[in-house]
Amino acid sequence: MNILCFFSLLIMFCAPAIYRLAFYGTESCSNIILVAVASIPLALFLTSIRKWWIFLLVSIPLMYFSGNETFVVVVYRHYMKAVNVLSMLITNTTESGSFISNNTLAVCCDVPILVLWGIAVWAKYKAPQPSYKSFAFSSVILAALLFYAKDTKIMGLPPYNLPVQYYNAYAINKKIQQAVAQPKANIACQQTNAKERESYVLFIGESVVYDHLSLAGYNRNTTPLLDARENLTLFTDYKTNATLTMLAAPMMMTDATVEDFYRSYSGPNCLQVFKQCGFKTFVLVCINHLDQDQALTAAADSVFCVDKDIEIPAIMDSLTNVYPKTFFVVQGLGNHCYFYNFEEQDNQFRPNPYYDPDVQSDSLYYNAYDCTLRYTDRVVDGVINAINKDSIYSVMLFASDHGENVNPGDERRSVSMKPQESEYHVPLIIWRSQKWIEENPEKERCILANKDKKTYIDNIFYTLCDVASIQLPDSLNKPEWTITSPSFSATQKRTLLTPDGKTIISID
């Protein structure tokens, strides 16, 4: 029985690596052997525990680790990373419930894990108690492995990877909290060309792929309303700097870079800057990061959490009627997988899993994604309508936090350590009211001149301030990073912060 318990545990610990090899062929045989060898001390240690109830208590979290790692492997093709852990912890229940329900294969793959654990528990209950010598021997072997392997490849493989990533997630969150706790000094900024009525918007899109916009030449009519908009410019070579919302959104709202992500929580925030210049500041969010990350929204006068993206324009319209100077940060659910965020009038691409549940087709989610773009098109157009009033000087910057792998035949999911271009080549759209264009001819010329140049998420904060004529102090001012400035330079090196929260890769 002890042997049955041992081998059940050993296979359970190796399961994530076995799934990764069996499903995707992305795990090497040498790594499988390494995982098996590294799992032996842990399985041996558990088997040598004398008390059945102690074995049960210790094995439950280890079973959870193996099942969680398996789920991530089946969905994302890689092992858990620290920022994946943080994303899980801050994700609201609606989003996480949808994510689990749409990944039935990954859930099913956890069933063998549960069965193996059950066999191990039963075998341990029936097994004769091992000697104290076997427990001491296995403890020494496990302790030696953990001590000598703490900085090696072993700790990045199951069954040890997940506890390591939980610790790394704790360390990242601790750094964020330390940054949040730093005193926030007022920034010496001022608005040099204030108007009686003006409104500016930073619209953080969710999972919008550049190549799927008809505005960008896509052969499906996914953005009909924006296609017909005047004074709207799409930037053709804009790239984000992270493939996870919780990394990209904070840097979009601040002057932080991938080399100094934690400055997102200690440095100047666009809400703070606009508020100091006399604007009423608002955050409008639908089931996304900003309804959880209160540190980023602390400078807002009000935060509105809505159930549907389409509710956002009406709230903005009311606020612009009440307050003469407004600044909005908008973040919707947008095009978040699994692409259910659309209504019947957006149901233009069939079959899809939400209107054709009985149809089996490779294009189900691909079609559903394009339907969500029709929905996003309506929401963004509604936001423009809310600030496009005769007496208001207004500008909207729309940029997606990251993209998504949705092209036909591409089964790889996003959030990988080696992202594809569809994950970071996303749209940047700038819409300007006619009054703003007439008042800012030089900035308008720069927008049109720079639309095909290399642009980057680091340009957002400075451009947002510049379109509102907010003069930053010399220590923060970067005209070479400001798209609306004649000094804008397209030579900036573009890099990306991967889901482990520390590895930086080039994307140029």
# chains A, B, ... in the order shown; residues from 1 in each chain; ligands from 1

$ select_by_dssp --residues "stretch 48-284 of chain A" --states "helix (DSSP H, G or I)" --output "JSON, numbers by chain"
{"A": [52, 53, 54, 55, 56, 57, 58, 59, 60, 61, 62, 63, 64, 65, 66, 67, 68, 69, 70, 71, 72, 73, 74, 75, 76, 82, 83, 84, 85, 86, 87, 88, 89, 90, 93, 94, 95, 96, 97, 98, 99, 100, 101, 104, 105, 106, 107, 108, 109, 111, 112, 113, 114, 115, 116, 117, 118, 119, 120, 121, 122, 123, 124, 125, 126, 132, 133, 134, 135, 136, 137, 138, 139, 140, 141, 142, 143, 144, 145, 146, 147, 148, 153, 154, 155, 156, 161, 162, 163, 164, 165, 166, 167, 168, 169, 170, 171, 172, 173, 174, 175, 176, 177, 178, 179, 180, 181, 210, 211, 212, 214, 215, 216, 224, 225, 226, 227, 245, 246, 247, 248, 249, 250, 251, 252, 258, 259, 260, 263, 264, 265, 266, 270, 271, 272, 273, 274, 275, 276]}

$ residues_around --residues "stretch 38-46 of chain A" --least-positions-apart "5" --cutoff "6 Å" --atoms "only C-alpha atoms" --output "list in words"
Phe6, Leu9, Leu10, Ser138, Ser139 and Leu142 of chain A

$ residues_around --residues "stretch 453-455 of chain A" --least-positions-apart "5" --cutoff "12 Å" --atoms "only C-alpha atoms" --output "compact mmCIF listing (two decimals) with C-alpha atoms, in the first residue's frame"
# COMPACT_ATOMS: atom_id res chain seq x y z
CA LEU A 234 -5.57 55.28 -35.89
CA PHE A 235 -1.87 54.80 -35.17
CA THR A 236 -0.59 51.89 -37.23
CA ASP A 237 2.54 50.90 -35.27
CA TYR A 238 1.53 51.27 -31.63
CA LYS A 239 2.59 48.57 -29.16
CA THR A 240 1.78 47.90 -25.54
CA ASN A 241 4.39 46.95 -22.95
CA ALA A 399 -5.51 52.28 -26.40
CA TYR A 424 1.21 43.47 -28.17
CA HIS A 425 0.37 45.14 -31.51
CA VAL A 426 -2.83 46.90 -30.46
CA PRO A 427 -4.72 50.01 -31.56
CA LEU A 428 -4.06 53.56 -30.41
CA ILE A 429 -6.85 55.86 -31.55
CA CYS A 446 1.87 66.31 -35.26
CA ILE A 447 -0.88 63.72 -34.75
CA LEU A 448 -1.31 63.28 -38.50
CA ILE A 460 0.26 57.84 -23.46
CA THR A 463 0.41 62.89 -24.83
CA GLU A 480 10.39 63.45 -27.33
CA TRP A 481 7.84 60.94 -25.96
CA THR A 482 4.83 63.17 -26.65
CA ILE A 483 3.02 62.30 -29.88
CA THR A 484 1.51 65.79 -30.19
CA PHE A 488 8.45 63.56 -30.85
CA SER A 489 11.05 60.88 -31.58
CA ALA A 490 10.19 57.43 -32.91
CA THR A 491 13.54 55.96 -31.84
CA GLN A 492 12.40 54.83 -28.39
CA LYS A 493 13.26 51.18 -27.71
CA ARG A 494 10.08 49.19 -27.19
CA THR A 495 10.17 46.37 -24.64
CA ILE A 507 9.41 43.63 -29.21
CA ASP A 508 10.99 45.62 -32.05

$ closest_residue --among "A:Leu333, A:Ala169, A:Leu157, A:Ala194" --to "A:Glu206" --atoms "only C-alpha atoms"
A:Leu333

$ residues_around --residues "stretch 20-22 of chain A" --least-positions-apart "4" --cutoff "8 Å" --atoms "only C-alpha atoms" --output "list in words"
Pro16, Thr26, Glu27, Ser28, Val73, Val74, Arg77 and His78 of chain A

$ closest_residue --among "A:Leu464, A:Leu247, A:Val75, A:Ala144" --to "A:Leu271" --atoms "only C-alpha atoms"
A:Leu464

$ atom_distance --atom1 "atom CA of A:Ile119" --atom2 "atom CA of A:Leu57"
15.2 Å

$ decode --residues "stretch 197-240 of chain A" --atoms "N, CA and C atoms" --output "PDB file, in the first residue's frame"
ATOM      1  N   ARG A 197     -15.020  75.187 -20.959  1.00  0.00           N
ATOM      2  CA  ARG A 197     -15.593  73.831 -20.969  1.00  0.00           C
ATOM      3  C   ARG A 197     -14.677  72.915 -21.776  1.00  0.00           C
ATOM      4  N   GLU A 198     -14.220  71.859 -21.153  1.00  0.00           N
ATOM      5  CA  GLU A 198     -13.346  70.905 -21.847  1.00  0.00           C
ATOM      6  C   GLU A 198     -13.453  69.535 -21.189  1.00  0.00           C
ATOM      7  N   SER A 199     -13.233  68.515 -22.004  1.00  0.00           N
ATOM      8  CA  SER A 199     -13.349  67.147 -21.507  1.00  0.00           C
ATOM      9  C   SER A 199     -12.337  66.258 -22.221  1.00  0.00           C
ATOM     10  N   TYR A 200     -11.628  65.429 -21.436  1.00  0.00           N
ATOM     11  CA  TYR A 200     -10.604  64.546 -21.988  1.00  0.00           C
ATOM     12  C   TYR A 200     -10.814  63.136 -21.442  1.00  0.00           C
ATOM     13  N   VAL A 201     -10.499  62.156 -22.274  1.00  0.00           N
ATOM     14  CA  VAL A 201     -10.787  60.760 -21.922  1.00  0.00           C
ATOM     15  C   VAL A 201      -9.568  59.882 -22.228  1.00  0.00           C
ATOM     16  N   LEU A 202      -9.190  59.062 -21.256  1.00  0.00           N
ATOM     17  CA  LEU A 202      -8.286  57.944 -21.506  1.00  0.00           C
ATOM     18  C   LEU A 202      -9.143  56.690 -21.459  1.00  0.00           C
ATOM     19  N   PHE A 203      -9.340  56.071 -22.600  1.00  0.00           N
ATOM     20  CA  PHE A 203     -10.148  54.853 -22.697  1.00  0.00           C
ATOM     21  C   PHE A 203      -9.195  53.672 -22.810  1.00  0.00           C
ATOM     22  N   ILE A 204      -9.132  52.853 -21.757  1.00  0.00           N
ATOM     23  CA  ILE A 204      -8.276  51.674 -21.747  1.00  0.00           C
ATOM     24  C   ILE A 204      -9.070  50.505 -22.316  1.00  0.00           C
ATOM     25  N   GLY A 205      -8.750  50.116 -23.552  1.00  0.00           N
ATOM     26  CA  GLY A 205      -9.436  48.988 -24.166  1.00  0.00           C
ATOM     27  C   GLY A 205      -8.970  47.675 -23.560  1.00  0.00           C
ATOM     28  N   GLU A 206      -9.727  46.635 -23.794  1.00  0.00           N
ATOM     29  CA  GLU A 206      -9.409  45.322 -23.249  1.00  0.00           C
ATOM     30  C   GLU A 206      -9.304  44.292 -24.368  1.00  0.00           C
ATOM     31  N   SER A 207      -8.088  43.765 -24.557  1.00  0.00           N
ATOM     32  CA  SER A 207      -7.843  42.647 -25.492  1.00  0.00           C
ATOM     33  C   SER A 207      -8.243  42.960 -26.929  1.00  0.00           C
ATOM     34  N   VAL A 208      -7.986  44.171 -27.376  1.00  0.00           N
ATOM     35  CA  VAL A 208      -8.319  44.541 -28.751  1.00  0.00           C
ATOM     36  C   VAL A 208      -7.118  44.267 -29.661  1.00  0.00           C
ATOM     37  N   VAL A 209      -7.330  43.460 -30.680  1.00  0.00           N
ATOM     38  CA  VAL A 209      -6.281  43.117 -31.631  1.00  0.00           C
ATOM     39  C   VAL A 209      -6.330  44.082 -32.812  1.00  0.00           C
ATOM     40  N   TYR A 210      -5.217  44.684 -33.128  1.00  0.00           N
ATOM     41  CA  TYR A 210      -5.153  45.669 -34.210  1.00  0.00           C
ATOM     42  C   TYR A 210      -5.663  45.085 -35.525  1.00  0.00           C
ATOM     43  N   ASP A 211      -5.216  43.883 -35.864  1.00  0.00           N
ATOM     44  CA  ASP A 211      -5.509  43.293 -37.170  1.00  0.00           C
ATOM     45  C   ASP A 211      -6.968  42.910 -37.359  1.00  0.00           C
ATOM     46  N   HIS A 212      -7.780  42.989 -36.305  1.00  0.00           N
ATOM     47  CA  HIS A 212      -9.195  42.629 -36.428  1.00  0.00           C
ATOM     48  C   HIS A 212     -10.107  43.848 -36.499  1.00  0.00           C
ATOM     49  N   LEU A 213      -9.544  45.013 -36.728  1.00  0.00           N
ATOM     50  CA  LEU A 213     -10.347  46.226 -36.877  1.00  0.00           C
ATOM     51  C   LEU A 213     -10.527  46.549 -38.359  1.00  0.00           C
ATOM     52  N   SER A 214     -11.765  46.743 -38.787  1.00  0.00           N
ATOM     53  CA  SER A 214     -11.965  47.197 -40.166  1.00  0.00           C
ATOM     54  C   SER A 214     -11.359  48.579 -40.343  1.00  0.00           C
ATOM     55  N   LEU A 215     -11.249  49.328 -39.261  1.00  0.00           N
ATOM     56  CA  LEU A 215     -10.568  50.626 -39.284  1.00  0.00           C
ATOM     57  C   LEU A 215      -9.114  50.471 -39.726  1.00  0.00           C
ATOM     58  N   ALA A 216      -8.543  49.275 -39.481  1.00  0.00           N
ATOM     59  CA  ALA A 216      -7.149  49.004 -39.849  1.00  0.00           C
ATOM     60  C   ALA A 216      -7.041  48.195 -41.142  1.00  0.00           C
ATOM     61  N   GLY A 217      -8.178  48.014 -41.843  1.00  0.00           N
ATOM     62  CA  GLY A 217      -8.142  47.302 -43.110  1.00  0.00           C
ATOM     63  C   GLY A 217      -8.586  45.856 -43.047  1.00  0.00           C
ATOM     64  N   TYR A 218      -9.088  45.422 -41.907  1.00  0.00           N
ATOM     65  CA  TYR A 218      -9.586  44.049 -41.757  1.00  0.00           C
ATOM     66  C   TYR A 218     -10.778  43.833 -42.689  1.00  0.00           C
ATOM     67  N   ASN A 219     -10.898  42.628 -43.252  1.00  0.00           N
ATOM     68  CA  ASN A 219     -11.912  42.393 -44.275  1.00  0.00           C
ATOM     69  C   ASN A 219     -13.321  42.164 -43.723  1.00  0.00           C
ATOM     70  N   ARG A 220     -13.480  42.190 -42.407  1.00  0.00           N
ATOM     71  CA  ARG A 220     -14.809  42.151 -41.807  1.00  0.00           C
ATOM     72  C   ARG A 220     -15.158  43.524 -41.243  1.00  0.00           C
ATOM     73  N   ASN A 221     -16.430  43.870 -41.289  1.00  0.00           N
ATOM     74  CA  ASN A 221     -16.871  45.194 -40.867  1.00  0.00           C
ATOM     75  C   ASN A 221     -17.062  45.217 -39.351  1.00  0.00           C
ATOM     76  N   THR A 222     -15.956  45.271 -38.621  1.00  0.00           N
ATOM     77  CA  THR A 222     -16.000  45.185 -37.160  1.00  0.00           C
ATOM     78  C   THR A 222     -16.106  46.537 -36.464  1.00  0.00           C
ATOM     79  N   THR A 223     -15.751  47.628 -37.161  1.00  0.00           N
ATOM     80  CA  THR A 223     -15.806  48.957 -36.525  1.00  0.00           C
ATOM     81  C   THR A 223     -16.521  49.959 -37.431  1.00  0.00           C
ATOM     82  N   PRO A 224     -17.767  49.707 -37.812  1.00  0.00           N
ATOM     83  CA  PRO A 224     -18.447  50.590 -38.776  1.00  0.00           C
ATOM     84  C   PRO A 224     -18.629  52.014 -38.292  1.00  0.00           C
ATOM     85  N   LEU A 225     -18.887  52.210 -37.005  1.00  0.00           N
ATOM     86  CA  LEU A 225     -19.126  53.559 -36.494  1.00  0.00           C
ATOM     87  C   LEU A 225     -17.836  54.376 -36.435  1.00  0.00           C
ATOM     88  N   LEU A 226     -16.764  53.751 -35.994  1.00  0.00           N
ATOM     89  CA  LEU A 226     -15.489  54.460 -35.957  1.00  0.00           C
ATOM     90  C   LEU A 226     -14.945  54.697 -37.364  1.00  0.00           C
ATOM     91  N   ASP A 227     -15.237  53.774 -38.290  1.00  0.00           N
ATOM     92  CA  ASP A 227     -14.820  53.968 -39.682  1.00  0.00           C
ATOM     93  C   ASP A 227     -15.381  55.268 -40.243  1.00  0.00           C
ATOM     94  N   ALA A 228     -16.589  55.622 -39.821  1.00  0.00           N
ATOM     95  CA  ALA A 228     -17.276  56.804 -40.364  1.00  0.00           C
ATOM     96  C   ALA A 228     -16.975  58.077 -39.582  1.00  0.00           C
ATOM     97  N   ARG A 229     -16.207  57.986 -38.515  1.00  0.00           N
ATOM     98  CA  ARG A 229     -15.928  59.144 -37.664  1.00  0.00           C
ATOM     99  C   ARG A 229     -14.927  60.099 -38.315  1.00  0.00           C
ATOM    100  N   GLU A 230     -15.234  61.382 -38.234  1.00  0.00           N
ATOM    101  CA  GLU A 230     -14.267  62.404 -38.639  1.00  0.00           C
ATOM    102  C   GLU A 230     -13.363  62.736 -37.456  1.00  0.00           C
ATOM    103  N   ASN A 231     -12.210  63.285 -37.762  1.00  0.00           N
ATOM    104  CA  ASN A 231     -11.251  63.727 -36.743  1.00  0.00           C
ATOM    105  C   ASN A 231     -10.763  62.579 -35.863  1.00  0.00           C
ATOM    106  N   LEU A 232     -10.730  61.380 -36.424  1.00  0.00           N
ATOM    107  CA  LEU A 232     -10.270  60.202 -35.692  1.00  0.00           C
ATOM    108  C   LEU A 232      -9.069  59.616 -36.415  1.00  0.00           C
ATOM    109  N   THR A 233      -8.002  59.360 -35.658  1.00  0.00           N
ATOM    110  CA  THR A 233      -6.764  58.864 -36.254  1.00  0.00           C
ATOM    111  C   THR A 233      -6.336  57.574 -35.572  1.00  0.00           C
ATOM    112  N   LEU A 234      -6.087  56.552 -36.377  1.00  0.00           N
ATOM    113  CA  LEU A 234      -5.570  55.279 -35.892  1.00  0.00           C
ATOM    114  C   LEU A 234      -4.065  55.241 -36.111  1.00  0.00           C
ATOM    115  N   PHE A 235      -3.320  54.920 -35.065  1.00  0.00           N
ATOM    116  CA  PHE A 235      -1.869  54.799 -35.169  1.00  0.00           C
ATOM    117  C   PHE A 235      -1.530  53.359 -35.551  1.00  0.00           C
ATOM    118  N   THR A 236      -0.778  53.210 -36.609  1.00  0.00           N
ATOM    119  CA  THR A 236      -0.589  51.890 -37.226  1.00  0.00           C
ATOM    120  C   THR A 236       0.501  51.038 -36.591  1.00  0.00           C
ATOM    121  N   ASP A 237       1.410  51.654 -35.838  1.00  0.00           N
ATOM    122  CA  ASP A 237       2.537  50.895 -35.267  1.00  0.00           C
ATOM    123  C   ASP A 237       2.667  51.189 -33.781  1.00  0.00           C
ATOM    124  N   TYR A 238       1.539  51.080 -33.078  1.00  0.00           N
ATOM    125  CA  TYR A 238       1.528  51.270 -31.631  1.00  0.00           C
ATOM    126  C   TYR A 238       1.634  49.908 -30.947  1.00  0.00           C
ATOM    127  N   LYS A 239       2.433  49.829 -29.892  1.00  0.00           N
ATOM    128  CA  LYS A 239       2.589  48.572 -29.164  1.00  0.00           C
ATOM    129  C   LYS A 239       2.486  48.815 -27.660  1.00  0.00           C
ATOM    130  N   THR A 240       1.881  47.847 -26.999  1.00  0.00           N
ATOM    131  CA  THR A 240       1.783  47.898 -25.543  1.00  0.00           C
ATOM    132  C   THR A 240       3.049  47.317 -24.928  1.00  0.00           C
TER     133      THR A 240
END
